[in-house]
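*Asks:* Sharing input_10.cif, mmCIF, C-alpha atoms:
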data_protein
#
loop_
_atom_site.label_atom_id
_atom_site.label_comp_id
_atom_site.auth_asym_id
_atom_site.auth_seq_id
_atom_site.Cartn_x
_atom_site.Cartn_y
_atom_site.Cartn_z
CA MET U 1192 -12.31 17.65 -15.53
CA GLY U 1193 -14.98 20.20 -16.40
CA VAL U 1194 -17.48 20.57 -19.23
CA ASN U 1195 -15.02 19.34 -21.87
CA THR U 1196 -14.75 15.75 -20.68
CA ILE U 1197 -13.69 14.19 -23.99
CA ARG U 1198 -11.43 17.07 -24.96
CA ASP U 1199 -9.59 17.04 -21.63
CA THR U 1200 -9.20 13.26 -21.68
CA VAL U 1201 -7.77 13.31 -25.21
CA GLU U 1202 -5.48 16.25 -24.44
CA LEU U 1203 -4.06 14.67 -21.31
CA ALA U 1204 -3.71 11.17 -22.75
CA ILE U 1205 -1.74 12.39 -25.77
CA GLY U 1206 0.47 14.45 -23.48
CA VAL U 1207 1.16 11.41 -21.31
CA SER U 1208 1.85 9.25 -24.35
CA ALA U 1209 4.23 11.82 -25.83
CA HIS U 1210 6.21 11.94 -22.58
CA SER U 1211 6.12 8.27 -21.57
CA GLY U 1212 6.44 6.67 -25.00
CA VAL U 1213 3.49 4.37 -24.18
CA PRO U 1214 1.15 4.04 -27.20
CA VAL U 1215 -2.45 5.05 -26.54
CA LEU U 1216 -5.56 3.60 -28.15
CA PHE U 1217 -8.74 5.63 -27.79
CA MET U 1218 -11.83 3.39 -27.60
CA ALA U 1219 -15.14 5.12 -28.25
CA ASN U 1220 -18.50 5.03 -29.92
CA PRO U 1221 -18.74 6.64 -33.38
CA GLY U 1222 -19.32 10.39 -33.54
CA ILE U 1223 -17.58 11.24 -30.29
CA ALA U 1224 -15.25 13.67 -32.14
CA LYS U 1225 -12.04 11.70 -31.66
CA SER U 1226 -10.47 13.06 -34.87
CA THR U 1227 -11.44 16.64 -34.08
CA MET U 1228 -10.04 16.50 -30.55
CA VAL U 1229 -6.77 14.91 -31.70
CA GLY U 1230 -6.46 17.52 -34.47
CA ASN U 1231 -7.02 20.32 -31.98
CA TRP U 1232 -4.22 18.97 -29.78
CA ALA U 1233 -1.87 18.78 -32.77
CA ALA U 1234 -2.63 22.35 -33.88
CA ARG U 1235 -2.34 23.72 -30.36
CA ASN U 1236 1.04 22.06 -29.80
CA GLY U 1237 2.61 22.89 -33.14
CA TYR U 1238 2.33 19.46 -34.78
CA HIS U 1239 1.62 18.72 -38.41
CA MET U 1240 -1.08 16.03 -38.53
CA GLU U 1241 -1.56 13.12 -40.93
CA THR U 1242 -4.64 10.89 -40.63
CA LEU U 1243 -4.90 7.33 -41.91
CA ILE U 1244 -8.46 5.96 -41.73
CA GLY U 1245 -8.18 2.18 -41.80
CA SER U 1246 -11.34 1.48 -43.76
CA ARG U 1247 -10.22 3.78 -46.61
CA PHE U 1248 -6.64 2.63 -47.14
CA THR U 1249 -4.93 -0.42 -48.58
CA GLN U 1250 -1.83 -2.01 -47.14
CA GLU U 1251 0.27 -0.48 -49.93
CA GLU U 1252 -1.10 3.00 -49.31
CA ILE U 1253 0.08 2.69 -45.72
CA LEU U 1254 3.49 1.03 -46.10
CA GLY U 1255 4.35 2.05 -49.65
CA PHE U 1256 4.24 0.49 -53.14
CA GLN U 1257 6.85 -1.84 -54.56
CA ALA U 1258 7.93 -0.68 -58.03
CA ARG U 1259 10.38 -2.26 -60.47
CA VAL U 1260 12.82 0.29 -61.91
CA GLU U 1261 15.60 -0.08 -64.46
CA ASP U 1262 19.13 1.13 -63.85
CA LYS U 1263 20.07 3.03 -67.02
CA LEU U 1264 23.77 2.36 -66.56
CA SER U 1265 23.66 -1.37 -65.87
CA ASN U 1266 20.35 -2.10 -67.59
CA GLU U 1267 19.45 -4.15 -64.51
CA SER U 1268 16.10 -3.89 -62.81
CA ARG U 1269 15.46 -3.76 -59.10
CA LEU U 1270 12.58 -3.25 -56.68
CA GLU U 1271 12.24 0.13 -55.06
CA LEU U 1272 9.72 1.53 -52.62
CA LEU U 1273 7.43 4.31 -53.68
CA GLU U 1274 6.87 6.10 -50.40
CA PRO U 1275 3.23 6.89 -49.53
CA TYR U 1276 2.27 10.56 -49.74
CA TRP U 1277 1.65 10.90 -46.02
CA TYR U 1278 5.17 9.68 -45.23
CA ARG U 1279 6.71 12.16 -47.67
CA ASP U 1280 4.72 14.96 -46.03
CA ILE U 1281 6.00 13.96 -42.58
CA ILE U 1282 9.61 13.91 -43.81
CA LEU U 1283 9.11 17.30 -45.49
CA HIS U 1284 7.83 18.85 -42.25
CA GLU U 1285 10.62 17.20 -40.28
CA LYS U 1286 13.18 18.99 -42.49
CA GLN U 1287 11.43 22.22 -41.49
CA ASN U 1288 11.74 21.23 -37.79
CA ILE U 1289 8.01 20.71 -37.51
CA PRO U 1290 7.06 17.47 -35.68
CA SER U 1291 4.16 15.36 -36.90
CA LEU U 1292 1.27 13.52 -35.28
CA LEU U 1293 0.19 10.41 -37.19
CA PHE U 1294 -3.41 9.56 -36.30
CA LEU U 1295 -4.47 5.98 -37.08
CA ASP U 1296 -8.27 5.91 -37.01
CA GLU U 1297 -10.70 2.97 -37.25
CA LEU U 1298 -8.08 0.42 -36.21
CA SER U 1299 -10.91 -2.03 -35.52
CA THR U 1300 -12.76 -1.60 -38.83
CA VAL U 1301 -10.13 -2.96 -41.21
CA GLN U 1302 -9.08 -6.16 -42.93
CA GLU U 1303 -6.36 -8.14 -41.20
CA ASN U 1304 -3.56 -7.13 -43.59
CA VAL U 1305 -4.43 -3.44 -43.29
CA GLN U 1306 -4.57 -3.67 -39.51
CA GLY U 1307 -1.17 -5.35 -39.60
CA ALA U 1308 0.23 -2.48 -41.66
CA MET U 1309 -1.14 0.09 -39.22
CA LEU U 1310 0.28 -1.83 -36.27
CA GLN U 1311 3.69 -1.93 -37.94
CA LEU U 1312 3.64 1.85 -37.81
CA VAL U 1313 2.76 1.84 -34.11
CA PHE U 1314 5.16 -0.80 -32.84
CA GLU U 1315 8.02 -0.74 -35.35
CA ARG U 1316 7.66 2.85 -36.56
CA THR U 1317 8.65 1.80 -40.08
CA ILE U 1318 7.13 1.60 -43.54
CA GLY U 1319 8.39 -0.66 -46.33
CA HIS U 1320 12.11 -1.36 -46.80
CA GLY U 1321 12.62 -0.54 -43.13
CA LYS U 1322 12.32 3.20 -43.61
CA SER U 1323 11.70 4.74 -40.20
CA LEU U 1324 9.47 7.51 -39.00
CA PRO U 1325 11.32 10.47 -37.46
CA ASP U 1326 11.83 10.21 -33.72
CA SER U 1327 9.72 13.35 -33.24
CA THR U 1328 6.65 11.73 -34.85
CA LEU U 1329 3.90 10.95 -32.35
CA ILE U 1330 1.47 8.14 -33.20
CA VAL U 1331 -2.07 8.09 -31.76
CA SER U 1332 -4.61 5.34 -32.52
CA ALA U 1333 -8.39 5.05 -32.21
CA ALA U 1334 -11.00 2.32 -32.59
CA ASN U 1335 -14.72 1.81 -32.13
CA TYR U 1336 -16.27 -0.58 -29.63
CA LYS U 1337 -17.09 -4.04 -30.93
CA GLN U 1338 -20.85 -3.49 -30.86
CA ASN U 1339 -20.43 -0.71 -33.44
CA VAL U 1340 -18.44 -2.64 -36.07
CA PRO U 1341 -19.28 -5.64 -38.31
CA PHE U 1342 -18.79 -8.97 -36.54
CA VAL U 1343 -16.00 -10.03 -38.93
CA PHE U 1344 -13.62 -7.40 -37.51
CA ASN U 1345 -11.68 -7.85 -34.30
CA ILE U 1346 -8.63 -6.75 -32.32
CA MET U 1347 -6.72 -9.66 -30.80
CA ALA U 1348 -5.70 -9.61 -27.15
CA PRO U 1349 -1.90 -9.61 -27.71
CA ILE U 1350 -2.34 -6.50 -29.87
CA LEU U 1351 -4.45 -4.67 -27.29
CA ASN U 1352 -1.85 -5.50 -24.65
CA ARG U 1353 0.67 -3.30 -26.47
CA PHE U 1354 -1.47 -0.19 -25.93
CA CYS U 1355 -2.70 1.85 -23.03
CA ILE U 1356 -6.44 1.71 -23.70
CA VAL U 1357 -8.25 4.98 -22.98
CA ASN U 1358 -12.04 4.72 -22.89
CA LEU U 1359 -13.84 7.87 -24.07
CA ARG U 1360 -17.21 7.66 -22.36
CA TYR U 1361 -19.75 9.94 -20.71
CA GLU U 1362 -21.17 9.05 -17.33
CA ASN U 1363 -24.49 10.67 -18.15
CA ASN U 1364 -26.36 12.35 -21.00
CA ARG U 1365 -26.08 15.79 -19.43
CA ALA U 1366 -22.28 15.74 -19.70
CA PHE U 1367 -22.55 14.76 -23.37
CA LEU U 1368 -24.97 17.62 -24.11
CA ASP U 1369 -22.92 20.15 -22.16
CA GLU U 1370 -19.81 19.45 -24.21
CA PHE U 1371 -21.31 19.30 -27.69
CA LEU U 1372 -23.95 22.04 -27.44
CA GLN U 1373 -21.53 24.74 -26.35
CA ASP U 1374 -20.32 27.36 -28.82
CA GLU U 1375 -17.46 26.24 -31.04
CA SER U 1376 -15.23 28.98 -29.65
CA ALA U 1377 -15.82 27.80 -26.09
CA ARG U 1378 -14.36 24.36 -26.81
CA SER U 1379 -10.86 25.80 -26.57
CA ASP U 1380 -11.46 27.68 -23.34
CA ASP U 1381 -9.33 26.85 -20.31
CA VAL U 1382 -7.13 24.33 -22.10
CA GLN U 1383 -4.32 23.62 -19.68
CA THR U 1384 -0.73 23.35 -20.79
CA TYR U 1385 1.81 21.29 -18.89
CA VAL U 1386 5.50 21.66 -18.26
CA TYR U 1387 7.28 18.34 -17.86
CA ALA U 1388 9.35 18.54 -14.68
CA GLN U 1389 12.41 16.42 -14.04
CA ILE U 1390 12.10 13.47 -11.66
CA ASP U 1391 15.15 12.54 -9.61
CA ALA U 1392 16.58 9.02 -9.48
CA GLU U 1393 15.54 8.49 -5.85
CA THR U 1394 11.87 9.22 -6.64
CA LYS U 1395 11.98 6.83 -9.59
CA SER U 1396 13.44 4.13 -7.36
CA ARG U 1397 10.82 4.73 -4.67
CA LEU U 1398 8.06 4.58 -7.27
CA ARG U 1399 9.31 1.23 -8.55
CA GLU U 1400 9.42 -0.12 -5.00
CA GLY U 1401 5.96 1.29 -4.30
CA LEU U 1402 4.49 -0.39 -7.36
CA LYS U 1403 6.14 -3.66 -6.36
CA ALA U 1404 4.50 -3.43 -2.94
CA MET U 1405 1.14 -2.59 -4.53
CA TRP U 1406 1.25 -5.56 -6.89
CA ALA U 1407 2.46 -7.91 -4.16
CA ALA U 1408 -0.63 -7.02 -2.13
CA LEU U 1409 -2.96 -7.38 -5.11
CA PHE U 1410 -1.46 -10.73 -6.10
CA GLU U 1411 -1.68 -11.95 -2.51
CA GLN U 1412 -5.34 -10.95 -2.28
CA ALA U 1413 -6.08 -12.69 -5.59
CA ALA U 1414 -4.32 -15.84 -4.41
CA PHE U 1415 -6.39 -15.73 -1.22
CA ASP U 1416 -9.49 -15.79 -3.46
CA GLY U 1417 -8.06 -18.79 -5.29
CA GLN U 1418 -7.14 -16.81 -8.41
CA ASN U 1419 -3.89 -16.50 -10.34
CA SER U 1420 -3.51 -12.97 -11.65
CA LEU U 1421 -0.77 -14.05 -14.03
CA ASP U 1422 -2.74 -16.91 -15.56
CA ILE U 1423 -2.58 -15.71 -19.16
CA ASN U 1424 -4.80 -17.66 -21.54
CA ASN U 1425 -5.08 -15.82 -24.83
CA GLN U 1426 -7.99 -17.97 -25.96
CA ILE U 1427 -9.99 -16.41 -23.15
CA TYR U 1428 -8.42 -12.97 -23.33
CA ASN U 1429 -9.22 -12.70 -27.03
CA ASN U 1430 -12.79 -11.96 -25.98
CA ILE U 1431 -11.86 -8.78 -24.14
CA TYR U 1432 -12.49 -6.58 -27.17
CA GLU U 1433 -16.00 -8.01 -27.36
CA ASN U 1434 -16.78 -7.18 -23.74
CA ASP U 1435 -20.30 -5.73 -23.58
CA THR U 1436 -19.78 -3.75 -20.36
CA GLY U 1437 -19.08 -0.59 -22.34
CA TYR U 1438 -15.37 -0.51 -21.46
CA VAL U 1439 -12.31 -2.33 -22.77
CA TYR U 1440 -9.43 -2.95 -20.37
CA ASN U 1441 -6.07 -4.67 -20.66
CA PHE U 1442 -4.72 -7.67 -18.80
CA ILE U 1443 -1.64 -7.87 -16.58
CA THR U 1444 1.69 -8.71 -18.23
CA GLY U 1445 5.28 -7.63 -17.69
CA ARG U 1446 4.80 -5.10 -20.48
CA THR U 1447 1.73 -3.47 -18.95
CA ILE U 1448 3.32 -3.37 -15.49
CA TYR U 1449 6.27 -1.50 -16.98
CA TYR U 1450 3.93 0.77 -18.94
CA LEU U 1451 2.14 1.59 -15.68
CA TYR U 1452 5.44 2.68 -14.14
CA ARG U 1453 6.23 4.95 -17.11
CA VAL U 1454 2.72 6.41 -17.25
CA THR U 1455 2.66 7.08 -13.49
CA LEU U 1456 6.04 8.79 -13.81
CA SER U 1457 4.60 11.01 -16.55
CA PHE U 1458 1.66 11.94 -14.33
CA LEU U 1459 4.19 13.12 -11.73
CA CYS U 1460 6.25 15.00 -14.32
CA MET U 1461 3.11 16.82 -15.54
CA GLY U 1462 2.06 17.68 -11.99
CA LEU U 1463 -1.30 15.89 -12.18
CA SER U 1464 -3.24 15.64 -8.92
CA VAL U 1465 -5.60 13.02 -7.51
CA SER U 1466 -8.18 15.65 -6.59
CA ARG U 1467 -8.38 17.17 -10.06
CA HIS U 1468 -7.26 14.41 -12.43
CA GLY U 1469 -8.03 11.23 -10.48
CA ARG U 1470 -10.75 9.98 -12.84
CA PHE U 1471 -8.58 10.53 -15.89
CA MET U 1472 -5.57 8.81 -14.34
CA LEU U 1473 -7.63 5.77 -13.31
CA ASN U 1474 -8.93 5.59 -16.89
CA MET U 1475 -5.34 5.02 -18.05
CA VAL U 1476 -4.43 2.76 -15.12
CA PHE U 1477 -7.44 0.49 -15.75
CA GLY U 1478 -6.71 0.67 -19.48
CA LEU U 1479 -3.32 -0.89 -18.80
CA VAL U 1480 -4.03 -3.48 -16.12
CA GLY U 1481 -7.74 -3.31 -15.37
CA LEU U 1482 -8.85 -6.74 -16.50
CA GLY U 1483 -6.99 -8.67 -13.81
CA SER U 1484 -7.07 -12.45 -14.21
CA ASN U 1485 -8.99 -14.18 -16.96
CA SER U 1486 -10.34 -16.45 -14.23
CA PHE U 1487 -11.99 -13.59 -12.34
CA ASN U 1488 -15.75 -13.76 -12.22
CA GLU U 1489 -17.75 -10.52 -12.24
CA THR U 1490 -17.71 -10.16 -8.45
CA LEU U 1491 -13.96 -10.70 -8.18
CA GLN U 1492 -13.38 -8.35 -11.12
CA LYS U 1493 -15.18 -5.51 -9.35
CA SER U 1494 -13.29 -6.28 -6.15
CA TYR U 1495 -9.95 -6.28 -7.97
CA LEU U 1496 -10.68 -2.95 -9.67
CA LYS U 1497 -11.65 -1.38 -6.35
CA LYS U 1498 -8.49 -2.63 -4.64
CA LEU U 1499 -6.37 -1.44 -7.55
CA GLU U 1500 -8.05 1.97 -7.38
CA ILE U 1501 -7.44 2.30 -3.64
CA LEU U 1502 -3.81 1.22 -3.69
CA TRP U 1503 -2.68 3.05 -6.80
CA THR U 1504 -4.45 6.28 -5.78
CA LYS U 1505 -2.93 6.21 -2.30
CA LEU U 1506 0.51 5.42 -3.70
CA TYR U 1507 0.31 8.25 -6.22
CA ALA U 1508 -0.98 10.68 -3.58
CA GLU U 1509 2.14 10.04 -1.51
CA PHE U 1510 4.43 11.08 -4.36
CA GLU U 1511 2.17 13.94 -5.42
CA THR U 1512 2.28 15.41 -1.91
CA ARG U 1513 6.04 14.99 -1.60
CA ARG U 1514 6.54 16.96 -4.81
CA ARG U 1515 4.01 19.64 -3.83
CA GLU U 1516 5.40 20.06 -0.32
CA GLY U 1517 9.00 19.85 -1.46
CA GLY U 1518 9.93 16.86 0.63
CA GLU U 1519 8.13 15.06 3.39
CA ARG U 1520 4.65 13.65 3.10
CA ALA U 1521 1.81 15.55 4.77
CA PRO U 1522 0.82 13.58 7.90
CA ASP U 1523 -2.82 13.09 6.93
CA ILE U 1524 -2.36 11.94 3.33
CA ALA U 1525 -2.18 8.28 4.34
CA LYS U 1526 -5.49 8.38 6.20
CA LEU U 1527 -8.24 6.32 4.65
CA ASP U 1528 -11.78 7.62 4.58
CA PHE U 1529 -14.08 5.01 6.12
CA ASP U 1530 -17.20 7.14 6.45
CA GLY U 1531 -20.31 5.46 5.08
CA LYS U 1532 -18.55 2.16 4.41
CA SER U 1533 -19.59 -1.15 5.90
CA VAL U 1534 -17.44 -2.43 8.75
CA SER U 1535 -16.15 -5.41 6.74
CA GLY U 1536 -15.47 -3.16 3.73
CA ALA U 1537 -13.58 -0.63 5.87
CA ILE U 1538 -11.49 -3.35 7.50
CA ASN U 1539 -10.74 -4.94 4.12
CA GLU U 1540 -9.55 -1.57 2.85
CA TRP U 1541 -7.32 -1.08 5.86
CA PHE U 1542 -5.78 -4.55 5.46
CA LEU U 1543 -5.14 -3.89 1.78
CA TYR U 1544 -3.33 -0.64 2.53
CA ASN U 1545 -1.49 -2.16 5.48
CA ASP U 1546 -0.17 -5.00 3.31
CA ALA U 1547 1.00 -2.64 0.57
CA SER U 1548 2.04 0.42 2.55
CA VAL U 1549 5.27 1.81 1.14
CA PHE U 1550 5.53 4.38 3.91
CA THR U 1551 5.67 2.52 7.18
CA ASP U 1552 3.37 4.67 9.29
CA GLY U 1553 0.49 4.76 6.79
CA ALA U 1554 -1.55 1.91 8.23
CA GLY U 1555 -0.96 3.08 11.78
CA ILE U 1556 -2.27 6.55 11.00
CA ALA U 1557 -5.38 5.06 9.45
CA LEU U 1558 -5.99 2.60 12.29
CA GLU U 1559 -7.49 5.14 14.66
CA ALA U 1560 -10.11 6.16 12.10
CA LEU U 1561 -10.90 2.51 11.42
CA ILE U 1562 -11.39 1.65 15.11
CA SER U 1563 -13.64 4.69 15.41
CA ARG U 1564 -15.73 3.47 12.47
CA VAL U 1565 -16.08 -0.04 13.94
CA ALA U 1566 -17.04 1.33 17.35
CA GLY U 1567 -19.53 3.68 15.73
CA VAL U 1568 -21.41 0.80 14.09
CA TYR U 1569 -21.04 -1.72 16.92
CA GLY U 1570 -21.47 0.34 20.04
CA THR U 1571 -21.37 -1.53 23.35
CA GLU U 1572 -24.44 -0.02 24.98
CA SER U 1573 -27.16 -2.62 25.60
CA ARG U 1574 -29.71 -0.95 23.32
CA GLN U 1575 -27.23 -0.99 20.42
CA VAL U 1576 -26.34 -4.63 21.00
CA GLU U 1577 -30.02 -5.60 21.16
CA GLU U 1578 -30.76 -3.76 17.91
CA VAL U 1579 -28.04 -5.73 16.11
CA ALA U 1580 -29.40 -8.96 17.63
CA ARG U 1581 -32.91 -8.10 16.40
CA ARG U 1582 -31.63 -7.50 12.87
CA ALA U 1583 -29.78 -10.82 12.95
CA ARG U 1584 -32.98 -12.65 13.98
CA GLU U 1585 -35.35 -10.92 11.54
CA ASP U 1586 -33.33 -9.89 8.47
CA SER U 1587 -31.54 -12.62 6.50
CA GLY U 1588 -29.58 -10.02 4.52
CA ALA U 1589 -28.33 -8.40 7.70
CA LEU U 1590 -27.44 -11.83 9.08
CA PHE U 1591 -24.70 -12.40 6.52
CA GLU U 1592 -23.44 -8.82 6.84
CA ILE U 1593 -23.15 -9.08 10.62
CA ALA U 1594 -21.40 -12.45 10.38
CA GLU U 1595 -18.84 -11.04 7.96
CA ASP U 1596 -18.32 -7.96 10.15
CA MET U 1597 -17.68 -10.16 13.19
CA ARG U 1598 -15.11 -12.24 11.33
CA LYS U 1599 -13.33 -9.11 10.14
CA ILE U 1600 -13.31 -7.62 13.64
CA ASP U 1601 -11.59 -10.80 14.86
CA ASN U 1602 -9.00 -10.45 12.08
CA LEU U 1603 -8.47 -6.81 12.96
CA ALA U 1604 -7.97 -7.58 16.64
CA SER U 1605 -5.37 -10.18 15.72
CA ALA U 1606 -3.52 -7.82 13.39
CA ALA U 1607 -3.66 -4.90 15.81
CA GLY U 1608 -2.01 -7.11 18.41
CA ASP U 1609 0.89 -7.90 16.08
CA ASP U 1610 2.83 -4.70 16.68
CA VAL U 1611 1.20 -2.62 13.93
CA ARG U 1612 2.91 0.76 13.95
CA GLY U 1613 0.72 3.41 15.54
CA CYS U 1614 -1.42 0.88 17.42
CA ARG U 1615 -2.27 1.88 20.98
CA ALA U 1616 -3.44 -0.32 23.83
CA SER U 1617 -6.74 1.58 23.79
CA PHE U 1618 -7.45 0.22 20.28
CA LEU U 1619 -7.15 -3.36 21.48
CA GLU U 1620 -9.26 -2.57 24.52
CA THR U 1621 -12.02 -1.13 22.29
CA LEU U 1622 -12.05 -4.27 20.14
CA ARG U 1623 -12.07 -6.49 23.23
CA LYS U 1624 -15.12 -4.68 24.62
CA ILE U 1625 -16.93 -5.05 21.29
CA ASN U 1626 -16.19 -8.77 21.20
CA ASP U 1627 -17.40 -9.24 24.78
CA ALA U 1628 -20.57 -7.19 24.26
CA TYR U 1629 -21.54 -9.04 21.06
CA SER U 1630 -20.75 -12.55 22.24
CA PRO U 1631 -24.52 -13.43 22.52
CA VAL U 1632 -25.14 -11.94 19.08
CA ARG U 1633 -22.39 -14.07 17.61
CA LYS U 1634 -24.12 -17.19 18.89
CA ILE U 1635 -27.43 -16.12 17.31
CA VAL U 1636 -25.71 -15.32 14.01
CA PHE U 1637 -23.65 -18.45 13.63
CA ASP U 1638 -26.42 -20.76 14.88
CA LYS U 1639 -28.77 -19.34 12.23
CA LEU U 1640 -26.08 -19.71 9.56
CA LEU U 1641 -25.59 -23.36 10.49
CA ASP U 1642 -29.35 -23.89 10.15
CA LYS U 1643 -29.15 -22.50 6.63
#
Show this structure as structure tokens.

*Replies:*
Amino acid sequence: MGVNTIRDTVELAIGVSAHSGVPVLFMANPGIAKSTMVGNWAARNGYHMETLIGSRFTQEEILGFQARVEDKLSNESRLELLEPYWYRDIILHEKQNIPSLLFLDELSTVQENVQGAMLQLVFERTIGHGKSLPDSTLIVSAANYKQNVPFVFNIMAPILNRFCIVNLRYENNRAFLDEFLQDESARSDDVQTYVYAQIDAETKSRLREGLKAMWAALFEQAAFDGQNSLDINNQIYNNIYENDTGYVYNFITGRTIYYLYRVTLSFLCMGLSVSRHGRFMLNMVFGLVGLGSNSFNETLQKSYLKKLEILWTKLYAEFETRRREGGERAPDIAKLDFDGKSVSGAINEWFLYNDASVFTDGAGIALEALISRVAGVYGTESRQVEEVARRAREDSGALFEIAEDMRKIDNLASAAGDDVRGCRASFLETLRKINDAYSPVRKIVFDKLLDK
């Protein structure tokens, strides 16, 4: 992603939706140029575009008018549908072999019956009397965040769960200014086009198994924290549209899990890479399943999102590399980067990947780097041990960190002794030396914790 953050996000998301069949809903603040960006995609890809702005249309203008007509032969009257103009235009272009993009804007700023009409287009692809949209018609939706619409309007959780939510946001003001202060002509520079490659049945099967392993690990971690990731309570989830964090995410259901599979498959077909498109892909991943359990507190929510990011990114990188290299995975792709991370955080990350590793040697490859990180923080020289002891005595914040690190090192030693692939005797010996050297520190730490 370069200067054109919003443009590139819109372009890619529509491309993924067109290929995967998963409906997208762009969430944004007003004035972010959603309509312009969608229109540019349509023009660039040869689509005729129709726009329905929810606040300006009635239910009848969307689904068609009922009219009573008289049969001149039988003198009997019957109800017929007067098709809305936009529908007739789509059919006309379809006869000319020109596909259409139907853009449903302001989905959140409408009365309930109008929103229902717009949603009928998205999910049933029909207007009145069951008349269907052409198969070639692509539907894209957009809505504003709750804080920017009157309080009487809402989007219910079961509705949001039928979309892949794509948040259009800037991380800083500079990015916003860079995109919208450039020359108009420059906004179409370097637009990338994608060719959708075929994915073989074996890769699809491996992806399904990989996602199963990923979710099994995430569910197990949630259960360990006393949470049920599948505890769906719509009375609580209905508040997700009103979330004031600046982002709207979806919750986990069978539908969104399946959507994630289809969207990930489309990423592979389009040749997207973690290094270049990682932020965009996580936007869509979180938009599908980023809310986790409705019983997550803020701390657990952040933890869940981080674990999801780690596991999905690593899983995707495996498939990305296989396709790029034409077969086997590069040997270093499974390595986790532990630099700069706390010891407990690094060990947690390793356990997460170990539990969900689809490719059996992944955790073993990463284990050497993890042991090196642990040994780098908890060296066994006397001066290093004494420095940790001093911090434990004088710094209450460090006390809890050291205690957690020691517990995790114990867990790691136990796991490394359980025939983890790639584990060498030297790893266990390193952990044993650390445990022996820090035995006095452990006593200081846990005695002080008991006093607290």

*Asks:* Using all atoms listed in the file, pick whichever of U:Trp1277, U:Phe1471, U:Phe1442, U:Tyr1452 has the shortest atom-to-atom distance to Arg1198 (chain U).

*Replies:*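 That would be U:Phe1471, the residue with the smallest distance to Arg1198 (chain U).
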
*Asks:* So which residues fall inside 12 Å of (-15.5, -0.2, -24.4) if we count only C-alpha atoms? Mind giving them as a VMD selection string?

*Replies:* chain U and resid 1216 to 1221 1333 to 1339 1356 to 1361 1431 to 1441 1474 1477 to 1478

*Asks:* Nearest residue to Leu1243 (chain U) out of U:Pro1349, U:Gly1212, U:Pro1275, U:Gly1483, using only C-alpha atoms?

*Replies:*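 Closest to Leu1243 (chain U) of all the choices is U:Pro1275.
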
*Asks:* Enter the distance from CA of Ile1538 (chain U) to CA of Arg1564 (chain U), in Å, rounded to one decimal.

*Replies:* 9.4 Å

*Asks:* Would you list the contacts of Cys1355 (chain U) as a PDB file with C-alpha atoms, in the coordinates of the input, taking every protein, DNA or RNA residue within 7 Å and counting all atoms listed in the file, but skipping same-chain residues closer than 3 positions in sequence?

*Replies:*
ATOM      1  CA  VAL U1213       3.490   4.370 -24.180  1.00  0.00           C
ATOM      2  CA  PRO U1214       1.150   4.040 -27.200  1.00  0.00           C
ATOM      3  CA  VAL U1215      -2.450   5.050 -26.540  1.00  0.00           C
ATOM      4  CA  LEU U1216      -5.560   3.600 -28.150  1.00  0.00           C
ATOM      5  CA  MET U1475      -5.340   5.020 -18.050  1.00  0.00           C
ATOM      6  CA  GLY U1478      -6.710   0.670 -19.480  1.00  0.00           C
ATOM      7  CA  LEU U1479      -3.320  -0.890 -18.800  1.00  0.00           C
TER       8      LEU U1479
END
